[in-house]
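J.: So that you have it, the file is final-v2.txt, and it contains compact mmCIF, C-alpha atoms and all ligand atoms:
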# COMPACT_ATOMS: atom_id res chain seq x y z
CA MET A 130 16.24 -28.05 11.08
CA VAL A 131 15.27 -24.52 12.10
CA ILE A 132 14.39 -22.53 9.05
CA LYS A 133 15.20 -18.80 8.79
CA PHE A 134 13.93 -18.20 5.25
CA VAL A 135 17.08 -16.62 3.82
CA ASP A 136 20.22 -18.79 3.85
CA GLU A 137 18.35 -21.95 2.84
CA PHE A 138 17.31 -20.23 -0.38
CA ARG A 139 20.91 -19.25 -1.12
CA ASN A 140 22.23 -22.80 -0.78
CA LYS A 141 24.73 -23.35 -3.58
CA ASP A 142 23.98 -27.04 -4.09
CA LEU A 143 20.25 -26.46 -4.41
CA ILE A 144 20.83 -23.58 -6.83
CA LEU A 145 23.19 -25.64 -8.99
CA GLU A 146 20.70 -28.48 -9.00
CA ALA A 147 18.03 -26.12 -10.31
CA VAL A 148 20.42 -24.69 -12.91
CA GLU A 149 21.16 -28.23 -14.10
CA ALA A 150 17.43 -28.95 -14.38
CA ILE A 151 17.04 -25.83 -16.54
CA ARG A 152 19.94 -26.90 -18.78
CA ASN A 153 18.31 -30.32 -19.14
CA ILE A 154 15.06 -29.00 -20.53
CA SER A 155 15.86 -25.69 -22.22
CA VAL A 156 16.23 -25.89 -25.99
CA LYS A 157 14.40 -22.96 -27.61
CA PRO A 158 15.59 -19.35 -27.30
CA ILE A 159 13.48 -17.67 -24.63
CA THR A 160 13.26 -14.14 -23.25
CA LEU A 161 11.81 -13.59 -19.80
CA MET A 162 11.04 -10.29 -18.13
CA GLU A 163 11.29 -9.74 -14.41
CA VAL A 164 8.97 -6.94 -13.46
CA CYS A 165 9.99 -6.16 -9.92
CA GLY A 166 12.98 -4.00 -8.99
CA GLY A 167 13.70 -6.40 -6.15
CA HIS A 168 14.12 -9.19 -8.71
CA THR A 169 16.40 -7.01 -10.85
CA MET A 170 18.60 -6.40 -7.86
CA SER A 171 18.79 -10.07 -6.83
CA ILE A 172 19.44 -11.21 -10.39
CA HIS A 173 22.49 -8.96 -10.65
CA LYS A 174 23.66 -9.34 -7.09
CA PHE A 175 23.77 -13.12 -7.36
CA GLY A 176 25.10 -13.18 -10.93
CA ILE A 177 22.15 -15.24 -12.17
CA PRO A 178 22.60 -14.47 -15.91
CA SER A 179 26.05 -16.08 -15.79
CA LEU A 180 24.51 -19.35 -14.54
CA LEU A 181 22.01 -19.66 -17.36
CA PRO A 182 22.50 -21.21 -20.79
CA ASP A 183 22.94 -18.73 -23.65
CA ASN A 184 19.46 -19.29 -25.07
CA ILE A 185 17.81 -17.77 -21.98
CA LYS A 186 17.69 -13.99 -21.89
CA LEU A 187 16.49 -11.94 -18.92
CA LEU A 188 15.09 -8.44 -19.32
CA SER A 189 14.23 -5.94 -16.60
CA GLY A 190 10.79 -4.40 -16.70
CA PRO A 191 9.10 -1.37 -15.20
CA GLY A 192 8.82 -2.58 -11.61
CA CYS A 193 11.20 -0.24 -9.83
CA PRO A 194 8.80 2.27 -8.22
CA VAL A 195 11.38 5.04 -8.06
CA CYS A 196 12.34 4.55 -11.72
CA VAL A 197 8.79 4.95 -13.05
CA THR A 198 7.92 7.94 -10.86
CA SER A 199 7.40 10.88 -13.20
CA ARG A 200 9.38 14.11 -13.22
CA HIS A 201 6.08 15.85 -12.71
CA PHE A 202 5.58 14.05 -9.42
CA ILE A 203 9.00 15.21 -8.18
CA ASP A 204 8.16 18.74 -9.34
CA SER A 205 4.87 18.52 -7.43
CA ALA A 206 6.53 17.25 -4.25
CA ALA A 207 9.08 20.07 -4.52
CA ALA A 208 6.29 22.65 -5.01
CA CYS A 209 4.44 21.23 -2.03
CA ALA A 210 7.59 21.40 0.14
CA GLY A 211 7.86 25.07 -0.79
CA GLU A 212 4.52 25.97 0.80
CA LYS A 213 4.26 27.43 4.31
CA ASP A 214 4.27 25.12 7.34
CA ILE A 215 4.92 21.95 5.36
CA ILE A 216 7.17 19.13 6.49
CA LEU A 217 7.77 16.77 3.59
CA THR A 218 8.68 13.31 4.87
CA THR A 219 10.06 10.95 2.27
CA LEU A 220 11.67 7.56 1.89
CA GLY A 221 15.36 8.00 1.11
CA ASP A 222 15.03 6.47 -2.37
CA LEU A 223 13.13 9.45 -3.70
CA ILE A 224 15.42 12.22 -2.58
CA ARG A 225 17.89 12.19 -5.50
CA VAL A 226 15.41 11.45 -8.27
CA PRO A 227 15.59 14.23 -10.85
CA GLY A 228 12.48 16.29 -11.52
CA THR A 229 12.27 18.69 -14.43
CA GLU A 230 14.45 21.36 -12.85
CA THR A 231 15.06 20.20 -9.33
CA SER A 232 15.16 17.26 -6.93
CA LEU A 233 14.07 16.95 -3.32
CA TYR A 234 17.75 16.87 -2.44
CA SER A 235 18.38 20.30 -3.90
CA GLU A 236 15.17 21.63 -2.35
CA LYS A 237 16.36 20.38 1.02
CA SER A 238 19.69 22.12 0.58
CA LYS A 239 17.75 25.33 -0.12
CA GLY A 240 16.35 25.02 3.38
CA ARG A 241 12.99 23.32 2.78
CA ASP A 242 11.88 21.10 5.66
CA ILE A 243 12.33 17.73 3.94
CA ARG A 244 13.00 14.78 6.20
CA ILE A 245 13.99 11.24 5.32
CA VAL A 246 11.92 8.57 7.06
CA TYR A 247 12.06 4.79 6.97
CA SER A 248 8.34 4.24 6.93
CA VAL A 249 5.08 6.12 6.66
CA LEU A 250 4.72 5.22 10.36
CA ASP A 251 7.50 7.74 11.08
CA ALA A 252 5.58 10.38 9.12
CA LEU A 253 2.56 9.74 11.34
CA LYS A 254 4.73 10.19 14.44
CA ILE A 255 6.10 13.49 13.12
CA ALA A 256 2.52 14.63 12.46
CA GLY A 257 1.56 13.81 16.05
CA LYS A 258 4.48 15.82 17.43
CA ASN A 259 3.99 18.86 15.17
CA PRO A 260 0.31 19.81 15.33
CA ASP A 261 1.03 23.30 13.91
CA LYS A 262 2.65 21.84 10.73
CA LYS A 263 1.26 19.91 7.79
CA ILE A 264 3.03 16.61 7.24
CA VAL A 265 3.11 15.32 3.67
CA PHE A 266 4.26 11.85 2.68
CA PRO A 267 4.84 11.18 -1.04
CA GLY A 268 3.39 7.71 -1.55
CA ILE A 269 5.15 5.83 -4.33
CA GLY A 270 5.17 2.16 -5.17
CA PHE A 271 2.76 -0.51 -6.31
CA GLU A 272 0.21 -2.75 -4.62
CA THR A 273 2.87 -3.64 -2.01
CA THR A 274 3.20 -0.12 -0.62
CA ALA A 275 -0.26 1.27 -1.38
CA PRO A 276 -1.83 -0.57 1.60
CA LEU A 277 0.82 0.96 3.87
CA SER A 278 -0.25 4.46 2.84
CA ALA A 279 -3.88 3.37 3.16
CA ALA A 280 -3.28 2.00 6.66
CA ALA A 281 -1.57 5.25 7.67
CA ILE A 282 -4.50 7.30 6.38
CA MET A 283 -7.00 5.09 8.18
CA ASP A 284 -4.90 5.39 11.35
CA ALA A 285 -4.84 9.16 11.01
CA LYS A 286 -8.60 9.23 10.58
CA LYS A 287 -9.14 6.97 13.57
CA SER A 288 -6.92 9.02 15.84
CA GLY A 289 -8.32 12.36 14.63
CA LEU A 290 -5.00 13.50 13.16
CA LYS A 291 -5.80 16.51 10.97
CA ASN A 292 -2.33 17.43 9.70
CA PHE A 293 -1.26 14.31 7.78
CA TYR A 294 -1.42 14.11 3.98
CA ILE A 295 -0.44 11.69 1.25
CA LEU A 296 0.77 12.82 -2.16
CA SER A 297 -0.09 9.70 -4.09
CA ALA A 298 1.85 8.38 -7.05
CA HIS A 299 0.92 4.82 -6.16
CA LYS A 300 0.47 2.58 -9.15
CA VAL A 301 -0.91 -0.85 -9.98
CA MET A 302 0.94 -3.50 -11.93
CA PRO A 303 -1.32 -5.34 -14.37
CA PRO A 304 -1.99 -2.40 -16.76
CA VAL A 305 1.71 -1.76 -17.40
CA MET A 306 2.38 -5.47 -17.91
CA THR A 307 -0.22 -5.65 -20.67
CA ALA A 308 0.71 -2.21 -22.07
CA LEU A 309 4.25 -3.43 -22.73
CA ILE A 310 3.07 -6.46 -24.68
CA ASP A 311 0.60 -4.27 -26.59
CA GLU A 312 3.52 -2.01 -27.49
CA GLY A 313 5.30 -4.96 -29.05
CA VAL A 314 7.89 -5.82 -26.43
CA LYS A 315 8.93 -9.36 -27.32
CA ILE A 316 8.99 -11.63 -24.32
CA ASN A 317 7.98 -15.23 -23.70
CA GLY A 318 7.02 -14.99 -20.06
CA TYR A 319 6.91 -12.88 -16.94
CA ILE A 320 8.62 -13.48 -13.62
CA CYS A 321 5.81 -11.79 -11.70
CA PRO A 322 6.49 -9.51 -8.75
CA GLY A 323 6.37 -11.53 -5.53
CA HIS A 324 5.65 -8.76 -3.06
CA VAL A 325 2.91 -7.21 -5.19
CA SER A 326 1.38 -10.69 -5.36
CA ILE A 327 1.50 -11.08 -1.56
CA ILE A 328 -1.10 -8.34 -1.48
CA THR A 329 -3.07 -8.95 -4.68
CA GLY A 330 -2.96 -12.74 -4.89
CA THR A 331 -2.01 -14.51 -8.11
CA GLY A 332 -5.24 -14.02 -10.09
CA ILE A 333 -4.27 -10.57 -11.43
CA TYR A 334 -1.96 -12.21 -13.97
CA LYS A 335 -4.55 -14.64 -15.33
CA PRO A 336 -5.59 -12.30 -18.21
CA ILE A 337 -1.96 -12.15 -19.36
CA VAL A 338 -1.90 -15.93 -19.64
CA ASP A 339 -5.37 -16.19 -21.17
CA ASN A 340 -5.32 -13.21 -23.54
CA TYR A 341 -1.65 -13.01 -24.49
CA GLY A 342 -0.56 -16.63 -24.15
CA LEU A 343 2.38 -15.71 -21.93
CA GLY A 344 3.56 -17.76 -18.97
CA CYS A 345 3.40 -16.01 -15.60
CA VAL A 346 5.27 -17.33 -12.58
CA VAL A 347 5.08 -15.50 -9.26
CA GLY A 348 8.59 -15.70 -7.85
CA GLY A 349 10.41 -15.02 -4.60
CA PHE A 350 13.59 -12.98 -4.28
CA GLU A 351 16.35 -15.32 -3.20
CA PRO A 352 18.56 -16.88 -5.89
CA LEU A 353 16.91 -20.29 -5.57
CA ASP A 354 13.49 -18.67 -5.98
CA ILE A 355 14.53 -16.91 -9.15
CA ILE A 356 16.20 -19.95 -10.70
CA GLN A 357 13.16 -22.11 -9.88
CA SER A 358 10.84 -19.50 -11.40
CA ILE A 359 12.95 -19.51 -14.56
CA TYR A 360 12.79 -23.31 -14.60
CA MET A 361 8.99 -23.21 -14.40
CA LEU A 362 8.72 -20.65 -17.21
CA VAL A 363 11.18 -22.55 -19.43
CA LYS A 364 9.24 -25.76 -18.89
CA GLN A 365 5.95 -24.09 -19.82
CA PHE A 366 7.55 -22.59 -22.92
CA GLU A 367 9.18 -25.81 -24.08
CA ASN A 368 5.84 -27.62 -23.72
CA ASN A 369 3.87 -24.76 -25.34
CA LYS A 370 1.72 -24.58 -22.21
CA PRO A 371 1.71 -21.03 -20.86
CA ALA A 372 0.24 -21.04 -17.35
CA LEU A 373 -0.07 -19.12 -14.12
CA GLU A 374 2.13 -20.71 -11.46
CA ASN A 375 3.28 -19.69 -8.02
CA GLN A 376 6.84 -20.43 -6.94
CA TYR A 377 6.68 -18.13 -3.89
CA THR A 378 4.10 -20.19 -2.02
CA ARG A 379 5.66 -19.54 1.39
CA ALA A 380 4.50 -15.91 1.20
CA VAL A 381 1.91 -15.64 -1.56
CA ALA A 382 -1.55 -17.10 -0.99
CA PRO A 383 -3.67 -17.47 -4.15
CA GLU A 384 -6.20 -14.97 -2.79
CA GLY A 385 -3.53 -12.57 -1.46
CA ASN A 386 -3.80 -10.40 1.65
CA LEU A 387 -7.52 -9.69 1.82
CA LYS A 388 -7.24 -7.15 4.62
CA ALA A 389 -4.71 -5.09 2.65
CA GLN A 390 -6.83 -5.33 -0.51
CA GLU A 391 -9.83 -4.01 1.37
CA MET A 392 -7.78 -1.06 2.65
CA ILE A 393 -6.61 -0.19 -0.87
CA ARG A 394 -10.21 -0.38 -2.11
CA ARG A 395 -11.50 1.95 0.58
CA VAL A 396 -8.79 4.58 0.40
CA PHE A 397 -7.89 4.60 -3.30
CA ARG A 398 -9.48 4.41 -6.71
CA THR A 399 -7.73 3.92 -10.04
CA SER A 400 -7.09 6.69 -12.53
CA PRO A 401 -4.84 7.23 -15.57
CA ASP A 402 -1.23 7.74 -14.56
CA TRP A 403 2.04 8.78 -16.15
CA TRP A 404 4.95 6.32 -16.01
CA ARG A 405 8.41 7.79 -16.49
CA GLY A 406 9.81 6.77 -19.82
CA ILE A 407 6.61 4.98 -20.84
CA GLY A 408 3.80 7.55 -20.83
CA THR A 409 0.21 7.56 -19.66
CA ILE A 410 -1.43 4.22 -18.95
CA PRO A 411 -5.20 4.10 -18.26
CA GLU A 412 -6.37 2.92 -14.83
CA SER A 413 -2.78 2.41 -13.66
CA GLY A 414 -2.57 4.99 -10.88
CA LEU A 415 -4.16 5.21 -7.44
CA ILE A 416 -5.74 8.43 -6.16
CA LEU A 417 -7.66 9.04 -2.95
CA THR A 418 -11.38 8.30 -2.81
CA GLU A 419 -13.98 10.88 -1.80
CA GLU A 420 -14.18 9.37 1.70
CA PHE A 421 -10.50 10.14 2.41
CA LYS A 422 -10.08 13.31 0.38
CA GLU A 423 -9.18 15.37 3.44
CA PHE A 424 -5.84 13.48 3.50
CA ASP A 425 -4.95 14.35 -0.09
CA ALA A 426 -1.88 16.60 -0.28
CA LEU A 427 -3.02 17.95 -3.65
CA GLN A 428 -5.25 20.46 -1.80
CA LEU A 429 -2.20 22.09 -0.18
CA PHE A 430 -0.54 23.57 -3.29
CA ASP A 431 -0.98 24.32 -6.97
CA PRO A 432 0.60 21.45 -8.86
CA PRO A 433 3.06 22.63 -11.53
CA GLU A 434 2.18 22.19 -15.15
CA MET A 435 2.89 18.77 -16.62
CA ILE A 436 5.68 18.95 -19.18
CA ASN A 437 6.05 15.88 -21.34
CA SER A 438 9.83 16.00 -21.49
CA GLU A 439 10.77 12.69 -20.03
CA THR A 440 13.67 11.79 -22.28
CA ASP A 441 16.12 14.59 -21.93
CA ARG A 442 19.89 14.66 -21.84
CA GLY A 443 20.16 11.40 -23.76
CA CYS A 444 18.77 9.15 -20.98
CA ILE A 445 17.23 5.97 -22.41
CA CYS A 446 15.55 4.84 -19.17
CA GLY A 447 12.25 4.51 -21.04
CA GLU A 448 13.60 1.96 -23.46
CA ILE A 449 15.31 0.12 -20.62
CA LEU A 450 12.08 0.03 -18.60
CA LYS A 451 10.35 -1.45 -21.62
CA GLY A 452 13.06 -4.07 -21.99
CA LEU A 453 14.08 -2.76 -25.42
CA LYS A 454 17.62 -1.85 -24.43
CA THR A 455 20.11 -2.72 -21.70
CA PRO A 456 21.93 -0.09 -19.60
CA ALA A 457 25.18 -0.87 -21.41
CA GLU A 458 23.60 0.47 -24.58
CA CYS A 459 23.21 3.92 -23.01
CA PRO A 460 26.14 6.16 -24.01
CA LEU A 461 25.95 7.93 -20.64
CA PHE A 462 26.10 4.73 -18.56
CA GLY A 463 28.98 4.73 -16.07
CA LYS A 464 30.58 7.76 -17.71
CA ILE A 465 28.30 10.73 -17.24
CA CYS A 466 25.59 8.87 -15.35
CA THR A 467 26.57 7.15 -12.08
CA PRO A 468 24.74 6.50 -8.79
CA VAL A 469 26.56 9.50 -7.27
CA ASP A 470 25.42 11.80 -10.07
CA PRO A 471 22.43 10.13 -11.74
CA VAL A 472 20.97 11.48 -14.97
CA GLY A 473 17.93 9.21 -15.02
CA ALA A 474 15.79 7.58 -12.38
CA CYS A 475 17.00 4.07 -13.33
CA MET A 476 20.38 5.00 -11.83
CA VAL A 477 18.93 6.42 -8.61
CA SER A 478 17.26 3.52 -6.89
CA GLY A 479 19.33 0.47 -5.96
CA GLU A 480 16.62 -1.52 -7.73
CA GLY A 481 16.89 0.39 -10.99
CA SER A 482 18.42 -1.55 -13.87
CA CYS A 483 21.19 0.97 -14.46
CA ALA A 484 22.14 1.10 -10.78
CA ALA A 485 22.07 -2.72 -10.51
CA TRP A 486 24.29 -3.06 -13.59
CA TYR A 487 26.65 -0.39 -12.30
CA ARG A 488 26.89 -1.83 -8.82
CA TYR A 489 27.41 -5.43 -9.81
CA GLY A 490 29.69 -4.67 -12.74
CA ARG A 491 27.77 -6.11 -15.68
CA GLU A 492 29.33 -5.36 -19.02
CA ALA A 493 27.48 -5.17 -22.32
CA SER A 494 25.92 -8.52 -23.11
CA MET B 191 12.11 -0.07 -1.68
CA CYS B 192 10.77 -3.33 -3.06
CA LEU B 193 12.72 -5.08 -0.35
CA SER B 194 10.93 -7.17 2.21
CA ILE B 195 12.85 -8.99 4.90
CA PRO B 196 11.90 -12.10 6.86
CA ALA B 197 11.67 -11.25 10.55
CA GLU B 198 10.78 -13.27 13.63
CA ILE B 199 8.13 -11.88 15.95
CA LEU B 200 9.51 -11.50 19.48
CA SER B 201 6.57 -9.82 21.18
CA ILE B 202 3.24 -8.27 20.29
CA ASP B 203 1.58 -5.16 21.68
CA LYS B 204 -1.79 -4.63 19.96
CA GLU B 205 -1.01 -3.66 16.35
CA MET B 206 2.75 -3.33 16.85
CA ALA B 207 5.33 -6.08 17.19
CA GLU B 208 8.96 -6.25 18.16
CA VAL B 209 10.71 -8.33 15.52
CA SER B 210 14.20 -9.69 14.99
CA VAL B 211 16.01 -9.66 11.68
CA GLY B 212 19.07 -11.84 12.17
CA GLY B 213 19.37 -10.65 15.79
CA THR B 214 18.75 -6.94 15.17
CA LYS B 215 15.52 -5.75 16.73
CA TYR B 216 12.95 -3.50 15.08
CA ASN B 217 9.39 -2.40 15.68
CA ALA B 218 6.87 -3.13 12.95
CA SER B 219 3.18 -2.70 12.49
CA ILE B 220 1.22 -5.93 12.21
CA SER B 221 -2.04 -4.20 11.33
CA LEU B 222 -2.00 -5.69 7.82
CA VAL B 223 -1.41 -9.32 8.79
CA GLN B 224 -3.89 -11.59 10.46
CA ASN B 225 -3.46 -14.46 12.90
CA VAL B 226 0.20 -13.93 13.74
CA LYS B 227 1.79 -14.89 17.04
CA VAL B 228 5.14 -14.77 18.79
CA SER B 229 7.85 -16.84 17.00
CA ASP B 230 6.05 -16.61 13.64
CA TYR B 231 8.09 -15.24 10.75
CA ILE B 232 6.63 -12.36 8.77
CA LEU B 233 7.88 -10.37 5.79
CA ILE B 234 8.52 -6.74 6.74
CA HIS B 235 8.10 -4.04 4.13
CA SER B 236 8.77 -0.40 5.04
CA GLY B 237 7.83 -0.90 8.68
CA TYR B 238 4.77 -3.10 8.11
CA GLY B 239 4.38 -6.86 8.18
CA ILE B 240 2.74 -7.78 4.86
CA ALA B 241 2.65 -11.58 5.00
CA LYS B 242 3.12 -14.44 7.37
CA ILE B 243 5.72 -16.88 6.01
CA ASP B 244 4.45 -20.44 5.75
CA GLU B 245 7.10 -22.85 6.96
CA LYS B 246 5.58 -25.94 5.38
CA GLU B 247 5.46 -24.25 1.98
CA ALA B 248 9.05 -23.06 2.42
CA ARG B 249 10.22 -26.62 3.04
CA GLU B 250 8.37 -27.83 -0.03
CA THR B 251 10.03 -25.17 -2.17
CA LEU B 252 13.41 -26.30 -0.88
CA THR B 253 12.80 -29.88 -2.02
CA LEU B 254 11.07 -28.95 -5.28
CA MET B 255 14.05 -29.53 -7.55
CA LYS B 256 14.84 -32.88 -5.92
CA ASP B 257 11.30 -34.03 -6.65
CA ILE B 258 11.51 -32.81 -10.21
CA LYS B 259 14.79 -34.64 -10.74
CA THR B 260 13.45 -37.94 -9.48
CA LYS B 261 9.94 -37.74 -10.87
CA GLU B 262 10.31 -35.90 -14.15
CA LEU B 263 13.87 -36.14 -15.29
CA GLY B 264 14.25 -39.72 -14.07
CA TYR B 265 17.49 -39.61 -12.09
S1 LIG A 501 22.63 5.05 -17.56
FE1 LIG A 501 21.68 6.92 -16.72
S2 LIG A 501 21.21 8.14 -18.50
FE2 LIG A 501 21.55 6.08 -19.24
S3 LIG A 501 19.52 5.14 -19.25
FE3 LIG A 501 20.42 4.66 -17.28
S4 LIG A 501 19.69 6.28 -15.94
FE4 LIG A 501 19.34 7.00 -18.03
Show me this structure written as structure tokens.
T.:
Amino acid sequence: MVIKFVDEFRNKDLILEAVEAIRNISVKPITLMEVCGGHTMSIHKFGIPSLLPDNIKLLSGPGCPVCVTSRHFIDSAAACAGEKDIILTTLGDLIRVPGTETSLYSEKSKGRDIRIVYSVLDALKIAGKNPDKKIVFPGIGFETTAPLSAAAIMDAKKSGLKNFYILSAHKVMPPVMTALIDEGVKINGYICPGHVSIITGTGIYKPIVDNYGLGCVVGGFEPLDIIQSIYMLVKQFENNKPALENQYTRAVAPEGNLKAQEMIRRVFRTSPDWWRGIGTIPESGLILTEEFKEFDALQLFDPPEMINSETDRGCICGEILKGLKTPAECPLFGKICTPVDPVGACMVSGEGSCAAWYRYGREAS
Amino acid sequence: MCLSIPAEILSIDKEMAEVSVGGTKYNASISLVQNVKVSDYILIHSGYGIAKIDEKEARETLTLMKDIKTKELGY
């Protein structure tokens, strides 16, 4: 059998077998949080909640990079795009995210040179072709995307490119995962983000198991992966044996991607960072190190003042990102707030909880 | 943007590779992955390969529930 790594993991018989195994062992009520936006999307796309027994509840956590990007960051990117000779190159996901007063979309319609790219590699190409312009790439995302920005910066340095800059809102996962438990979010285990773990390895979750007694299973993104991860967490919980396990072994090595880790370490260092709807979390953001400071877009403009008004117009994204509420509990959901006209960031990205619920038609549960 | 797609490597030119995702061809950087060769599958994330996919592990995952049923649940 030739294996293509997608269809096999969507095989209905295998999925139903795993569901049956869960039903066989699951007795106690259990709440599990998936952290990654990719998991949120798969869970809704494949209707996974409808396959599970009623005692298993799934909550979405703060792992959609677009959803946790602060208004202040959007304001900063907009201010940067307003400076002379700047080309702001951004991934499409970010363009409609609301800042305090504006979005990159409305800045673009005002005539700012804002271009959608598919990868930071495209931003590098644009920089090469426009030596008289400054090319800025807003870097968002967790340990999965940080090495991509790092690789681009190292490439720029190697090739002597002097007009390429990163505006970093990159973040790391473990601090927010512990911050949520510290805040009192009641869960019994984490479905840990598979793609983050590809880079970091599995060890970053060990303190959550050891210090908080919560099960952590690193899971893949196909329906079989998710159901198996749930099975593993349910089994740990039923046996009162929280542990660190890896379901996504085909992609995640225990030690992770060492080359990518080294790149992150050289180019970035951690600092406190603001998470939309959650607030400031110590050591959760990545900023450029001294060695690569010349690539920091912050030197190109005066960042606007930080206004702590994250919960305006009735958006409850923050509570949703903390797993305290579901999108259906937001009075704006589907009425005033839709993917075409989003009020909060959770409705903007396809991986946001609100967008996933809207798209795949989940009603209040 | 959390999406990563399995892609087959068709050819390699230094740090770039031509890859196929279900027949559609793309170019991706392989500067972050080590020891990859033509016909390997890698996960592509925003234009970069981030991991080589291990076929043996994939097969084990596919039979995991069967093993559990026979060994642990006894049927
Ligand atoms: S539905 Fe819209 S307004 Fe309500 S929480 Fe989600 S993003 Fe915010």
J.: Give the residues of chain A that lie within 7 Å of chain B; count only C-alpha atoms, and format the answer as a ChimeraX atom specification.
T.: /A:134,146-147,166-167,247-248,327,378-380,388-389
J.: Using all atoms listed in the file, which residues have at least one atom no more than 12 Å from ligand LIG 501 (chain A)? Output them as a PyMOL selection string.
T.: chain A and resi 195-197+226-227+405-406+439-488
J.: Under the rule that only C-alpha atoms are counted, which of A:Ser297, A:His324, A:Phe175, A:Phe430 is the nearest residue to Lys213 of chain A?
T.: A:Phe430
J.: Name the closest residue to Lys174 of chain A among the candidates A:Tyr489, A:Leu417, A:Pro401, A:Gly323; distances are taken between atoms, counting all atoms listed in the file.
T.: A:Tyr489
J.: For a quick check of understanding, using all atoms listed in the file, which of A:Pro322, A:Gly313, A:Gly330, A:Pro371 has the smallest distance to Gly342 of chain A?
T.: A:Pro371
J.: Would you mind listing what lies within 9 Å of Val228 of chain B as a PDB file with C-alpha atoms, in the frame of the given file, with only C-alpha atoms counted and same-chain residues fewer than 3 positions away left out?
T.:
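And here is the file that came out, result-v3.pdb:
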ATOM      1  CA  GLU B 198      10.780 -13.270  13.630  1.00  0.00           C
ATOM      2  CA  ILE B 199       8.130 -11.880  15.950  1.00  0.00           C
ATOM      3  CA  LEU B 200       9.510 -11.500  19.480  1.00  0.00           C
ATOM      4  CA  SER B 201       6.570  -9.820  21.180  1.00  0.00           C
ATOM      5  CA  ILE B 202       3.240  -8.270  20.290  1.00  0.00           C
ATOM      6  CA  ALA B 207       5.330  -6.080  17.190  1.00  0.00           C
ATOM      7  CA  TYR B 231       8.090 -15.240  10.750  1.00  0.00           C
TER       8      TYR B 231
END
J.: Hey, which bits of segment 312-336 of chain A sit within 10 Å of segment 360-368 of chain A, and for each residue what's the closest pair of atoms and how far apart in Å (one decimal), counting only C-alpha atoms, rows by chain and increasing number, as a tab-separated table?
T.:
residue	atom	partner	partner_atom	distance
A:Asn317	CA	A:Phe366	CA	7.4
A:Gly318	CA	A:Leu362	CA	6.6
A:Tyr319	CA	A:Leu362	CA	8.0
A:Ile320	CA	A:Leu362	CA	8.0
J.: Considering only C-alpha atoms, can you say which of A:Pro303, A:Pro194, A:Pro383, A:Gly344 comes closest to Gly332 of chain A?
T.: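 Nearest candidate to Gly332 of chain A out of A:Pro303, A:Pro194, A:Pro383, A:Gly344: A:Pro383.
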J.: Enter the distance from atom CA of Tyr341 of chain A to atom CA of Met306 of chain A, in Å, rounded to one decimal.
T.: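 Here the two named atoms are 10.8 Å from each other.
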J.: Take atom CA of Arg241 of chain A and atom CA of Leu253 of chain A and report the distance between them in Å, one decimal.
T.: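 Interatomic distance here is 19.1 Å.
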J.: What's the separation between atom CA of Ile151 of chain A and atom CA of Asn375 of chain A, in Å to one decimal place?
T.: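 Atom CA of Asn375 of chain A lies at a distance of 17.3 Å from atom CA of Ile151 of chain A.
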J.: What's the 8 Å shell around Ser326 of chain A, counting only C-alpha atoms, without same-chain residues fewer than 6 positions away, as a PyMOL selection string?
T.: chain A and resi 273+347+381+385
J.: I need the residues from that last selection saved to file as a short mmCIF file (atom, residue, chain, number, x, y, z; two decimals), keeping the file's coordinate frame (with C-alpha atoms), if you can.
T.:
data_model
loop_
_atom_site.label_atom_id
_atom_site.label_comp_id
_atom_site.auth_asym_id
_atom_site.auth_seq_id
_atom_site.Cartn_x
_atom_site.Cartn_y
_atom_site.Cartn_z
CA THR A 273 2.87 -3.64 -2.01
CA VAL A 347 5.08 -15.50 -9.26
CA VAL A 381 1.91 -15.64 -1.56
CA GLY A 385 -3.53 -12.57 -1.46
#
J.: For Ala280 of chain A, which residue among A:Glu391, A:Glu137, A:Asp222, A:Asp142 is the nearest when counting all atoms listed in the file?
T.: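 Closest candidate: A:Glu391.
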